[in-house]
Amino acid sequence: MGMVGRHLGGRRVGARALLALLDEILIISVLVVGVLALGVMGLLPLALAIAVAGAALGLLALLVYRAARSPLLEYSYVPIGEKAVVVDPLRPVGTVTVRGEYWRAECVGCAAERGETVVVVGFDNNTLYVKKV
């Protein structure tokens, strides 16, 4: 399969989802520290402060867990209508490059040899659908 593993048109965004949670993480952290400080200072019963802090940390853990397991895929661009160059022969499935990126491709109703130019007519399930020019 060669260079296809480098880029199949999408990537997991679990890390990006975690970064999007940074504001929630900050708010919950401030809440936990604040509530525990109120409990230590005696302005709030210590047991209540610990319970609220524990609930907030549990919510934070749930948010992080869901974000880390997020199966979302992001496709920043799909090159519909663009020309591609065949890298591995399309009989009917092979590999093409578009703008220097390697994609899995399927030739619709045709076969194409290495070096031939094809045009992208569709995309589904990490596969570009192409036709001969």
# chains A, B, ... in the order shown; residues from 1 in each chain; ligands from 1

call {"tool": "select_by_dssp", "arguments": {"residues": "region 44-128 of chain A", "states": "strand (DSSP E or B)", "output": "PDB file with N, CA and C atoms, in the first residue's frame"}}
result
ATOM      1  N   LEU A  73     -14.491  12.276  12.511  1.00  0.00           N
ATOM      2  CA  LEU A  73     -13.464  12.480  11.500  1.00  0.00           C
ATOM      3  C   LEU A  73     -13.645  13.866  10.923  1.00  0.00           C
ATOM      4  N   GLU A  74     -12.557  14.458  10.581  1.00  0.00           N
ATOM      5  CA  GLU A  74     -12.607  15.792  10.004  1.00  0.00           C
ATOM      6  C   GLU A  74     -12.029  15.729   8.599  1.00  0.00           C
ATOM      7  N   LYS A  83      -8.147  17.431 -10.635  1.00  0.00           N
ATOM      8  CA  LYS A  83      -7.426  16.376 -11.336  1.00  0.00           C
ATOM      9  C   LYS A  83      -6.491  15.670 -10.357  1.00  0.00           C
ATOM     10  N   ALA A  84      -6.321  14.365 -10.591  1.00  0.00           N
ATOM     11  CA  ALA A  84      -5.456  13.538  -9.754  1.00  0.00           C
ATOM     12  C   ALA A  84      -4.559  12.711 -10.670  1.00  0.00           C
ATOM     13  N   VAL A  85      -3.392  12.341 -10.154  1.00  0.00           N
ATOM     14  CA  VAL A  85      -2.462  11.503 -10.908  1.00  0.00           C
ATOM     15  C   VAL A  85      -2.425  10.126 -10.258  1.00  0.00           C
ATOM     16  N   VAL A  86      -2.558   9.101 -11.079  1.00  0.00           N
ATOM     17  CA  VAL A  86      -2.588   7.727 -10.589  1.00  0.00           C
ATOM     18  C   VAL A  86      -1.188   7.305 -10.132  1.00  0.00           C
ATOM     19  N   VAL A  87      -1.089   6.799  -8.913  1.00  0.00           N
ATOM     20  CA  VAL A  87       0.175   6.323  -8.351  1.00  0.00           C
ATOM     21  C   VAL A  87       0.226   4.804  -8.429  1.00  0.00           C
ATOM     22  N   ASP A  88      -0.802   4.144  -7.908  1.00  0.00           N
ATOM     23  CA  ASP A  88      -0.950   2.695  -8.029  1.00  0.00           C
ATOM     24  C   ASP A  88      -2.109   2.467  -8.991  1.00  0.00           C
ATOM     25  N   LEU A  90      -5.377   1.851 -11.002  1.00  0.00           N
ATOM     26  CA  LEU A  90      -6.767   1.780 -10.570  1.00  0.00           C
ATOM     27  C   LEU A  90      -7.447   0.665 -11.351  1.00  0.00           C
ATOM     28  N   VAL A  93      -9.628  -0.222  -7.921  1.00  0.00           N
ATOM     29  CA  VAL A  93      -9.184   0.510  -6.726  1.00  0.00           C
ATOM     30  C   VAL A  93      -7.665   0.613  -6.711  1.00  0.00           C
ATOM     31  N   GLY A  94      -7.167   1.792  -6.360  1.00  0.00           N
ATOM     32  CA  GLY A  94      -5.727   2.022  -6.278  1.00  0.00           C
ATOM     33  C   GLY A  94      -5.457   3.299  -5.506  1.00  0.00           C
ATOM     34  N   THR A  95      -4.382   3.983  -5.885  1.00  0.00           N
ATOM     35  CA  THR A  95      -3.972   5.194  -5.175  1.00  0.00           C
ATOM     36  C   THR A  95      -3.736   6.323  -6.171  1.00  0.00           C
ATOM     37  N   VAL A  96      -4.135   7.527  -5.772  1.00  0.00           N
ATOM     38  CA  VAL A  96      -3.885   8.720  -6.583  1.00  0.00           C
ATOM     39  C   VAL A  96      -3.289   9.808  -5.696  1.00  0.00           C
ATOM     40  N   THR A  97      -2.715  10.826  -6.326  1.00  0.00           N
ATOM     41  CA  THR A  97      -2.277  12.006  -5.574  1.00  0.00           C
ATOM     42  C   THR A  97      -3.054  13.210  -6.077  1.00  0.00           C
ATOM     43  N   VAL A  98      -3.449  14.034  -5.133  1.00  0.00           N
ATOM     44  CA  VAL A  98      -4.110  15.304  -5.424  1.00  0.00           C
ATOM     45  C   VAL A  98      -3.412  16.344  -4.570  1.00  0.00           C
ATOM     46  N   GLU A 101      -1.067  15.028  -1.965  1.00  0.00           N
ATOM     47  CA  GLU A 101      -1.585  14.142  -0.928  1.00  0.00           C
ATOM     48  C   GLU A 101      -2.024  12.826  -1.555  1.00  0.00           C
ATOM     49  N   TYR A 102      -1.750  11.742  -0.857  1.00  0.00           N
ATOM     50  CA  TYR A 102      -2.105  10.420  -1.340  1.00  0.00           C
ATOM     51  C   TYR A 102      -3.507  10.050  -0.864  1.00  0.00           C
ATOM     52  N   TRP A 103      -4.320   9.535  -1.802  1.00  0.00           N
ATOM     53  CA  TRP A 103      -5.695   9.158  -1.500  1.00  0.00           C
ATOM     54  C   TRP A 103      -5.978   7.772  -2.055  1.00  0.00           C
ATOM     55  N   ARG A 104      -6.813   7.035  -1.364  1.00  0.00           N
ATOM     56  CA  ARG A 104      -7.345   5.779  -1.903  1.00  0.00           C
ATOM     57  C   ARG A 104      -8.390   6.206  -2.923  1.00  0.00           C
ATOM     58  N   ALA A 105      -8.397   5.548  -4.093  1.00  0.00           N
ATOM     59  CA  ALA A 105      -9.334   5.944  -5.141  1.00  0.00           C
ATOM     60  C   ALA A 105      -9.903   4.735  -5.847  1.00  0.00           C
ATOM     61  N   GLU A 106     -11.094   4.932  -6.384  1.00  0.00           N
ATOM     62  CA  GLU A 106     -11.739   3.902  -7.190  1.00  0.00           C
ATOM     63  C   GLU A 106     -12.156   4.531  -8.504  1.00  0.00           C
ATOM     64  N   CYS A 107     -11.753   3.894  -9.596  1.00  0.00           N
ATOM     65  CA  CYS A 107     -12.078   4.378 -10.930  1.00  0.00           C
ATOM     66  C   CYS A 107     -13.480   3.885 -11.287  1.00  0.00           C
ATOM     67  N   ALA A 112      -7.259   2.691 -14.808  1.00  0.00           N
ATOM     68  CA  ALA A 112      -6.251   3.696 -15.145  1.00  0.00           C
ATOM     69  C   ALA A 112      -4.895   3.208 -14.670  1.00  0.00           C
ATOM     70  N   THR A 117      -3.896  10.729 -15.793  1.00  0.00           N
ATOM     71  CA  THR A 117      -4.627  11.765 -15.075  1.00  0.00           C
ATOM     72  C   THR A 117      -6.107  11.396 -15.040  1.00  0.00           C
ATOM     73  N   VAL A 118      -6.691  11.545 -13.870  1.00  0.00           N
ATOM     74  CA  VAL A 118      -8.116  11.289 -13.677  1.00  0.00           C
ATOM     75  C   VAL A 118      -8.722  12.502 -12.977  1.00  0.00           C
ATOM     76  N   VAL A 119     -10.040  12.609 -12.991  1.00  0.00           N
ATOM     77  CA  VAL A 119     -10.712  13.704 -12.297  1.00  0.00           C
ATOM     78  C   VAL A 119     -11.585  13.125 -11.192  1.00  0.00           C
ATOM     79  N   VAL A 120     -11.594  13.804 -10.046  1.00  0.00           N
ATOM     80  CA  VAL A 120     -12.358  13.347  -8.881  1.00  0.00           C
ATOM     81  C   VAL A 120     -13.825  13.725  -9.072  1.00  0.00           C
ATOM     82  N   VAL A 121     -14.710  12.706  -9.006  1.00  0.00           N
ATOM     83  CA  VAL A 121     -16.138  12.957  -9.211  1.00  0.00           C
ATOM     84  C   VAL A 121     -16.966  12.691  -7.949  1.00  0.00           C
ATOM     85  N   GLY A 122     -16.358  12.076  -6.942  1.00  0.00           N
ATOM     86  CA  GLY A 122     -17.112  11.798  -5.727  1.00  0.00           C
ATOM     87  C   GLY A 122     -16.205  11.365  -4.588  1.00  0.00           C
ATOM     88  N   PHE A 123     -16.820  11.239  -3.410  1.00  0.00           N
ATOM     89  CA  PHE A 123     -16.077  10.849  -2.208  1.00  0.00           C
ATOM     90  C   PHE A 123     -17.034  10.143  -1.274  1.00  0.00           C
ATOM     91  N   ASP A 124     -16.595   9.000  -0.736  1.00  0.00           N
ATOM     92  CA  ASP A 124     -17.385   8.300   0.265  1.00  0.00           C
ATOM     93  C   ASP A 124     -16.482   7.324   1.009  1.00  0.00           C
ATOM     94  N   THR A 127     -12.719   7.163   0.386  1.00  0.00           N
ATOM     95  CA  THR A 127     -12.345   6.792  -0.970  1.00  0.00           C
ATOM     96  C   THR A 127     -12.799   7.866  -1.946  1.00  0.00           C
ATOM     97  N   LEU A 128     -11.878   8.299  -2.801  1.00  0.00           N
ATOM     98  CA  LEU A 128     -12.238   9.206  -3.883  1.00  0.00           C
ATOM     99  C   LEU A 128     -12.742   8.363  -5.045  1.00  0.00           C
TER     100      LEU A 128
END

call {"tool": "closest_residue", "arguments": {"among": "A:Ala55, A:Leu43, A:Leu38, A:Leu60", "to": "Asp23 (chain A)", "atoms": "only C-alpha atoms"}}
result
A:Leu60

call {"tool": "closest_residue", "arguments": {"among": "A:Pro92, A:Ser29, A:Pro45, A:Asn126", "to": "Leu59 (chain A)", "atoms": "only C-alpha atoms"}}
result
A:Ser29

call {"tool": "atom_distance", "arguments": {"atom1": "CA of Val52 (chain A)", "atom2": "CA of Leu36 (chain A)"}}
result
8.6 Å

call {"tool": "atom_distance", "arguments": {"atom1": "CA of Leu21 (chain A)", "atom2": "CA of Leu46 (chain A)"}}
result
28.5 Å

call {"tool": "closest_residue", "arguments": {"among": "A:Leu62, A:Ile80, A:Asn125, A:Glu116", "to": "Ile25 (chain A)", "atoms": "only C-alpha atoms"}}
result
A:Leu62

call {"tool": "atom_distance", "arguments": {"atom1": "CA of Ile28 (chain A)", "atom2": "CA of Leu57 (chain A)"}}
result
7.3 Å
